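K.L.:
The structure that follows is given in the form of structure tokens.
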Amino acid sequence: MSAVAVDQQAPRRNPLVAALAFAKRHVLTVYSLLFFAYLLLPIGVVVVFSFNHPSGKFNYVWQGFTWNNWIHWDGVPGIRSAIVLSLEVALIASVVATALGTLIALALVRYSFRTRAATNILIFLPLSTPEIVLGASLLTLFLNLSFVTFGLWTILIAHIMFCISFAVVTVKARLVGFDRHLEEAAMDLGANEWTTFHKVTLPLIAPAILAALLLCFAISIDDFVVTYFNSGNRVTFPLFVWGAARIGAPPQVNVIGTAIFVVALTAMLVNVLLQARRSKGAA
């Protein structure tokens with residue numbers, strides 16, 4: 001029997017079965033693509049409308065392409081001061097919260113003391129408490145302190161308070177799996193406690209500290225609820241966006257949002273490349 005006859009006698013494959021087989025093989029890929037598209041679609045809208053040229057106050061309908069929004073990113077009154085204040089608060093709060101959180105994590109993981117369990121509970125309370133409760137509680141505290149003036153310092157205290165918990169959790173997760181034999185080996189070779197911490201412990205937990213710093217910075221610069229309760233007459237960027245959205249939506253808001261996203265994405269890619277190069281060098 002010829003090969004042509006064999007091919008003609010072979011049953012044809014059902015297209016539905018073939019489609020189901022293809023979907024079964026690639027269901028995870030398709031799901032991942034749809035998931036990331038769902039997450040990135042709002043960001044894509046923000047990026048696109050940062051180049052829009054609206055005819056009125058509201059930047060909701062596409063009118064035309066323009067670079068003027070990026071050239072005159074501070075063309076809206078008050079937006080520059082709001083961004084500067086948000087960056088100042090986020091930078092100071094993230095550094096202070098990360099430093100304090102690292103020390104607290106070291107104490108919780110490495111030392112036993114009477115109030116250790118209570119401290120763990122207090123650290124996790126801000127993570128599980130609604131932001132509106134935190135903001136209202138801090139507002140009540142500041143109102144009962146007659147010497148406190150609402151402004152930069154009240155915003156800083158509030159941000160440091162809720163950022164410490166995130167720093168403790170991040171650094172603590174690294175310290176739990178830390179190999180203490182490395183420190184013991186360093187001390188057996190003559191290093192004192194400070195040298196061991198500076199040369200061995202700190203470099204090994206540095207990625208966790210950096211992650212905590214970036215996480216605290218992102219949470220601080222994005223916070224609205226707690227800041228709204230304790231800002232006084234100072235306006236951060238989230239407060240500016242909320243106020244601007246009530247009377248209009250300037251495209252400069254989209255510009256700043258796009259710039260923040262690009263900076264965060266660039267930092268992430270640089271970190272991934274550095275980690276890959278470091279892993280390749282170690283191999």
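How things are named: the first chain in the structure tokens is A, the next is B, and so on; residues count from 1 in each chain; ligands count from 1 in the order shown.
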Near region 189-206 of chain A, counting only C-alpha atoms, which residues have an atom at most 9 Å away, once you skip same-chain residues fewer than 4 positions from it, shown as a PyMOL selection string?
P.N.:
chain A and resi 171+174-175+178+180+182-185+210-211
K.L.:
Please build the interface table for region 235-282 of chain A against region 18-42 of chain A with a cut-off of 12 Å, listing for each qualifying residue the nearest atom pair and the distance in Å to one decimal; count only C-alpha atoms, order rows by chain and increasing number, and write it as JSON lines.
P.N.:
{"residue": "A:Asn254", "atom": "CA", "partner": "A:Pro42", "partner_atom": "CA", "distance": 11.3}
{"residue": "A:Gly257", "atom": "CA", "partner": "A:Pro42", "partner_atom": "CA", "distance": 11.4}
{"residue": "A:Thr258", "atom": "CA", "partner": "A:Pro42", "partner_atom": "CA", "distance": 11.2}
{"residue": "A:Phe261", "atom": "CA", "partner": "A:Leu40", "partner_atom": "CA", "distance": 11.1}
K.L.:
Extract the full set of helix (DSSP H, G or I) residues from region 110-265 of chain A according to DSSP on the backbone, and format it as a ChimeraX atom specification.
P.N.:
/A:110,116-128,131-143,152-176,180-188,193-222,225-230,237-247,251-265
K.L.:
I need the chosen residues saved as a short mmCIF file (atom, residue, chain, number, x, y, z; two decimals), in the first residue's frame, with C-alpha atoms.
P.N.:
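See result_8.cif below for the written result:
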data_model
loop_
_atom_site.label_atom_id
_atom_site.label_comp_id
_atom_site.auth_asym_id
_atom_site.auth_seq_id
_atom_site.Cartn_x
_atom_site.Cartn_y
_atom_site.Cartn_z
CA ARG A 110 18.63 37.40 68.13
CA ARG A 116 9.43 40.08 73.06
CA ALA A 117 5.98 38.60 72.33
CA ALA A 118 4.26 41.91 73.06
CA THR A 119 6.71 43.72 70.79
CA ASN A 120 5.96 41.31 67.95
CA ILE A 121 2.24 42.00 68.36
CA LEU A 122 2.78 45.76 68.42
CA ILE A 123 4.91 45.58 65.26
CA PHE A 124 2.19 43.76 63.35
CA LEU A 125 -0.66 45.97 64.56
CA PRO A 126 -0.07 48.80 62.01
CA LEU A 127 -0.09 46.21 59.21
CA SER A 128 -3.54 44.94 60.18
CA GLU A 131 -5.35 53.39 57.56
CA ILE A 132 -8.29 55.55 58.55
CA VAL A 133 -7.97 54.27 62.12
CA LEU A 134 -4.23 55.04 62.16
CA GLY A 135 -4.79 58.51 60.76
CA ALA A 136 -7.60 59.35 63.17
CA SER A 137 -5.63 57.99 66.15
CA LEU A 138 -2.56 60.04 65.30
CA LEU A 139 -4.74 63.09 64.76
CA THR A 140 -6.22 62.64 68.25
CA LEU A 141 -2.75 62.25 69.72
CA PHE A 142 -1.40 65.39 68.07
CA LEU A 143 -4.48 67.41 69.05
CA LEU A 152 6.08 68.49 58.02
CA TRP A 153 6.90 66.97 61.40
CA THR A 154 3.49 65.43 61.97
CA ILE A 155 3.58 63.91 58.48
CA LEU A 156 7.07 62.52 59.14
CA ILE A 157 6.09 61.01 62.49
CA ALA A 158 3.01 59.40 60.96
CA HIS A 159 4.92 57.94 58.00
CA ILE A 160 7.78 56.64 60.13
CA MET A 161 5.26 55.00 62.44
CA PHE A 162 3.55 52.86 59.79
CA CYS A 163 6.70 52.27 57.71
CA ILE A 164 8.62 50.71 60.61
CA SER A 165 6.39 47.64 60.55
CA PHE A 166 7.14 46.96 56.88
CA ALA A 167 10.87 47.38 57.49
CA VAL A 168 10.83 45.00 60.46
CA VAL A 169 8.94 42.30 58.56
CA THR A 170 11.25 42.53 55.53
CA VAL A 171 14.54 42.44 57.45
CA LYS A 172 13.27 39.86 59.92
CA ALA A 173 12.47 37.44 57.10
CA ARG A 174 16.14 37.58 56.05
CA LEU A 175 17.50 37.23 59.58
CA VAL A 176 15.41 34.15 60.33
CA ARG A 180 25.05 32.33 62.44
CA HIS A 181 28.06 30.07 61.85
CA LEU A 182 29.48 32.71 59.51
CA GLU A 183 29.61 35.21 62.36
CA GLU A 184 31.08 32.62 64.69
CA ALA A 185 33.78 31.83 62.14
CA ALA A 186 34.66 35.50 61.83
CA MET A 187 34.93 35.90 65.60
CA ASP A 188 37.04 32.73 65.84
CA GLU A 193 31.49 42.21 67.48
CA TRP A 194 31.53 45.46 65.49
CA THR A 195 33.91 44.12 62.83
CA THR A 196 31.82 40.97 62.50
CA PHE A 197 28.66 43.01 62.06
CA HIS A 198 30.29 45.42 59.61
CA LYS A 199 32.15 42.84 57.51
CA VAL A 200 29.88 39.79 57.68
CA THR A 201 26.36 40.47 58.95
CA LEU A 202 25.63 43.78 57.27
CA PRO A 203 26.70 42.75 53.72
CA LEU A 204 24.60 39.58 53.95
CA ILE A 205 21.45 41.35 55.09
CA ALA A 206 22.04 44.40 52.85
CA PRO A 207 19.61 43.17 50.12
CA ALA A 208 16.84 42.91 52.72
CA ILE A 209 17.67 46.37 54.07
CA LEU A 210 17.59 47.81 50.55
CA ALA A 211 14.28 46.07 49.86
CA ALA A 212 12.86 47.49 53.10
CA LEU A 213 14.10 50.97 52.16
CA LEU A 214 12.48 50.85 48.72
CA LEU A 215 9.26 49.41 50.13
CA CYS A 216 9.03 52.13 52.78
CA PHE A 217 9.76 54.80 50.18
CA ALA A 218 7.03 53.51 47.87
CA ILE A 219 4.48 53.27 50.68
CA SER A 220 5.32 56.73 52.03
CA ILE A 221 5.23 58.60 48.72
CA ASP A 222 1.90 56.94 47.87
CA VAL A 225 -5.31 58.62 54.17
CA VAL A 226 -2.87 59.00 57.08
CA THR A 227 -1.32 62.09 55.48
CA TYR A 228 -4.73 63.69 54.99
CA PHE A 229 -5.46 63.51 58.71
CA ASN A 230 -2.09 64.86 59.86
CA PHE A 237 1.48 64.90 45.85
CA PRO A 238 -1.36 62.43 46.67
CA LEU A 239 -3.25 65.26 48.39
CA PHE A 240 -2.62 67.48 45.38
CA VAL A 241 -4.00 64.83 43.01
CA TRP A 242 -7.10 64.41 45.17
CA GLY A 243 -7.69 68.15 45.26
CA ALA A 244 -7.06 68.57 41.54
CA ALA A 245 -9.42 65.73 40.62
CA ARG A 246 -12.35 67.60 42.16
CA ILE A 247 -12.03 70.57 39.80
CA PRO A 251 -2.26 65.95 32.32
CA GLN A 252 0.76 66.93 34.42
CA VAL A 253 -0.54 64.48 37.03
CA ASN A 254 -0.21 61.72 34.44
CA VAL A 255 3.28 62.96 33.63
CA ILE A 256 4.43 62.69 37.24
CA GLY A 257 2.81 59.28 37.61
CA THR A 258 4.50 58.05 34.44
CA ALA A 259 7.87 59.40 35.61
CA ILE A 260 7.54 57.63 38.96
CA PHE A 261 6.63 54.37 37.21
CA VAL A 262 9.58 54.66 34.79
CA VAL A 263 12.03 55.36 37.62
CA ALA A 264 10.74 52.39 39.64
CA LEU A 265 10.86 50.10 36.61
#
K.L.:
Which value, in Å to one decimal, gives the distance between CA of Asp179 (chain A) and CA of Ala107 (chain A)?
P.N.:
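Computing it gives 16.2 Å between the two atoms.
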K.L.:
Can you tell me, as a PyMOL selection string, what residues are no more than 10 Å from Gly75 (chain A) when counting only C-alpha atoms, ignoring any on the same chain fewer than 5 positions away?
P.N.:
chain A and resi 68-70+80+250+252
K.L.:
Can I get the selected residues back with all heavy atoms, as an mmCIF file, in the first residue's frame?
P.N.:
data_model
loop_
_atom_site.group_PDB
_atom_site.id
_atom_site.type_symbol
_atom_site.label_atom_id
_atom_site.label_comp_id
_atom_site.auth_asym_id
_atom_site.auth_seq_id
_atom_site.Cartn_x
_atom_site.Cartn_y
_atom_site.Cartn_z
ATOM 1 N N ASN A 68 3.978 69.086 25.269
ATOM 2 C CA ASN A 68 3.968 70.233 26.182
ATOM 3 C C ASN A 68 3.766 69.815 27.633
ATOM 4 O O ASN A 68 4.268 70.482 28.550
ATOM 5 C CB ASN A 68 2.867 71.223 25.776
ATOM 6 C CG ASN A 68 3.192 71.931 24.482
ATOM 7 O OD1 ASN A 68 4.356 72.106 24.124
ATOM 8 N ND2 ASN A 68 2.160 72.330 23.744
ATOM 9 N N ASN A 69 3.036 68.737 27.861
ATOM 10 C CA ASN A 69 2.818 68.295 29.242
ATOM 11 C C ASN A 69 4.129 67.891 29.909
ATOM 12 O O ASN A 69 4.308 68.113 31.122
ATOM 13 C CB ASN A 69 1.840 67.116 29.267
ATOM 14 C CG ASN A 69 0.510 67.456 28.633
ATOM 15 O OD1 ASN A 69 0.065 68.598 28.693
ATOM 16 N ND2 ASN A 69 -0.125 66.476 28.004
ATOM 17 N N TRP A 70 5.018 67.277 29.151
ATOM 18 C CA TRP A 70 6.314 66.871 29.698
ATOM 19 C C TRP A 70 7.272 68.051 29.781
ATOM 20 O O TRP A 70 8.070 68.138 30.722
ATOM 21 C CB TRP A 70 6.919 65.765 28.837
ATOM 22 C CG TRP A 70 6.232 64.451 29.025
ATOM 23 C CD1 TRP A 70 5.081 64.025 28.417
ATOM 24 C CD2 TRP A 70 6.630 63.408 29.904
ATOM 25 N NE1 TRP A 70 4.742 62.773 28.850
ATOM 26 C CE2 TRP A 70 5.688 62.358 29.759
ATOM 27 C CE3 TRP A 70 7.702 63.242 30.781
ATOM 28 C CZ2 TRP A 70 5.781 61.174 30.488
ATOM 29 C CZ3 TRP A 70 7.802 62.056 31.504
ATOM 30 C CH2 TRP A 70 6.849 61.041 31.356
ATOM 31 N N ARG A 80 4.757 71.488 41.871
ATOM 32 C CA ARG A 80 6.180 71.347 42.167
ATOM 33 C C ARG A 80 6.419 71.226 43.674
ATOM 34 O O ARG A 80 7.144 70.331 44.131
ATOM 35 C CB ARG A 80 6.973 72.526 41.606
ATOM 36 C CG ARG A 80 8.464 72.462 41.912
ATOM 37 C CD ARG A 80 9.132 73.782 41.571
ATOM 38 N NE ARG A 80 9.283 73.947 40.131
ATOM 39 C CZ ARG A 80 10.355 73.554 39.456
ATOM 40 N NH1 ARG A 80 11.370 72.980 40.094
ATOM 41 N NH2 ARG A 80 10.423 73.742 38.156
ATOM 42 N N PRO A 250 -5.490 67.712 35.428
ATOM 43 C CA PRO A 250 -4.427 68.181 34.534
ATOM 44 C C PRO A 250 -3.541 67.028 34.078
ATOM 45 O O PRO A 250 -3.236 66.117 34.854
ATOM 46 C CB PRO A 250 -3.645 69.169 35.411
ATOM 47 C CG PRO A 250 -3.947 68.758 36.804
ATOM 48 C CD PRO A 250 -5.343 68.242 36.791
ATOM 49 N N GLN A 252 -0.508 66.962 33.693
ATOM 50 C CA GLN A 252 0.760 66.928 34.421
ATOM 51 C C GLN A 252 0.745 65.867 35.522
ATOM 52 O O GLN A 252 1.799 65.329 35.883
ATOM 53 C CB GLN A 252 1.058 68.311 35.024
ATOM 54 C CG GLN A 252 1.588 69.325 34.040
ATOM 55 C CD GLN A 252 0.514 69.932 33.170
ATOM 56 O OE1 GLN A 252 -0.659 69.642 33.340
ATOM 57 N NE2 GLN A 252 0.898 70.790 32.234
#
K.L.:
Figure out the distance between CA of Arg234 (chain A) and CA of Pro130 (chain A), please, to one decimal in Å.
P.N.:
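According to the coordinates, CA of Pro130 (chain A) and CA of Arg234 (chain A) are separated by 22.9 Å.
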K.L.:
Write out as a PyMOL selection string the residues lying within 9 Å of Val61 (chain A), counting only C-alpha atoms and excluding same-chain residues fewer than 5 positions away.
P.N.:
chain A and resi 49+52+54
K.L.:
Based on the selection just made, write all heavy atoms of those residues as a PDB file, in the first residue's frame.
P.N.:
ATOM      1  N   PHE A  49      -2.238  59.080  28.333  1.00  0.00           N
ATOM      2  CA  PHE A  49      -2.886  60.374  28.552  1.00  0.00           C
ATOM      3  C   PHE A  49      -1.926  61.423  29.115  1.00  0.00           C
ATOM      4  O   PHE A  49      -2.325  62.585  29.258  1.00  0.00           O
ATOM      5  CB  PHE A  49      -4.092  60.214  29.463  1.00  0.00           C
ATOM      6  CG  PHE A  49      -5.340  59.809  28.735  1.00  0.00           C
ATOM      7  CD1 PHE A  49      -5.571  58.485  28.411  1.00  0.00           C
ATOM      8  CD2 PHE A  49      -6.270  60.748  28.338  1.00  0.00           C
ATOM      9  CE1 PHE A  49      -6.704  58.100  27.728  1.00  0.00           C
ATOM     10  CE2 PHE A  49      -7.406  60.384  27.652  1.00  0.00           C
ATOM     11  CZ  PHE A  49      -7.630  59.055  27.335  1.00  0.00           C
ATOM     12  N   ASN A  52      -1.617  63.638  26.183  1.00  0.00           N
ATOM     13  CA  ASN A  52      -2.864  64.172  25.647  1.00  0.00           C
ATOM     14  C   ASN A  52      -2.886  65.696  25.719  1.00  0.00           C
ATOM     15  O   ASN A  52      -2.224  66.310  26.560  1.00  0.00           O
ATOM     16  CB  ASN A  52      -4.041  63.602  26.436  1.00  0.00           C
ATOM     17  CG  ASN A  52      -5.377  63.948  25.811  1.00  0.00           C
ATOM     18  OD1 ASN A  52      -5.462  64.189  24.612  1.00  0.00           O
ATOM     19  ND2 ASN A  52      -6.411  63.980  26.629  1.00  0.00           N
ATOM     20  N   PRO A  54      -5.763  68.055  26.244  1.00  0.00           N
ATOM     21  CA  PRO A  54      -7.197  68.260  26.467  1.00  0.00           C
ATOM     22  C   PRO A  54      -7.598  69.701  26.186  1.00  0.00           C
ATOM     23  O   PRO A  54      -6.835  70.639  26.423  1.00  0.00           O
ATOM     24  CB  PRO A  54      -7.369  67.901  27.948  1.00  0.00           C
ATOM     25  CG  PRO A  54      -6.041  68.178  28.558  1.00  0.00           C
ATOM     26  CD  PRO A  54      -5.029  67.845  27.499  1.00  0.00           C
TER      27      PRO A  54
END
K.L.:
Pick out the closest residue to Lys57 (chain A) from this set: A:Val270, A:Ile71, A:Ala276, A:Ala249. Count only C-alpha atoms.
P.N.:
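Under the stated criterion, the closest residue is A:Ala249.
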K.L.:
Could you jot down the CA of Ala97 (chain A) to CA of Asp223 (chain A) separation for me, Å, one decimal place?
P.N.:
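So the two atoms, CA of Ala97 (chain A) and CA of Asp223 (chain A), lie 15.0 Å apart.
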K.L.:
A:Ser112, A:Thr149, A:Thr266, A:Asn59: which is nearest Gly232 (chain A), counting only C-alpha atoms?
P.N.:
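Among the listed residues, A:Thr149 lies closest to Gly232 (chain A).
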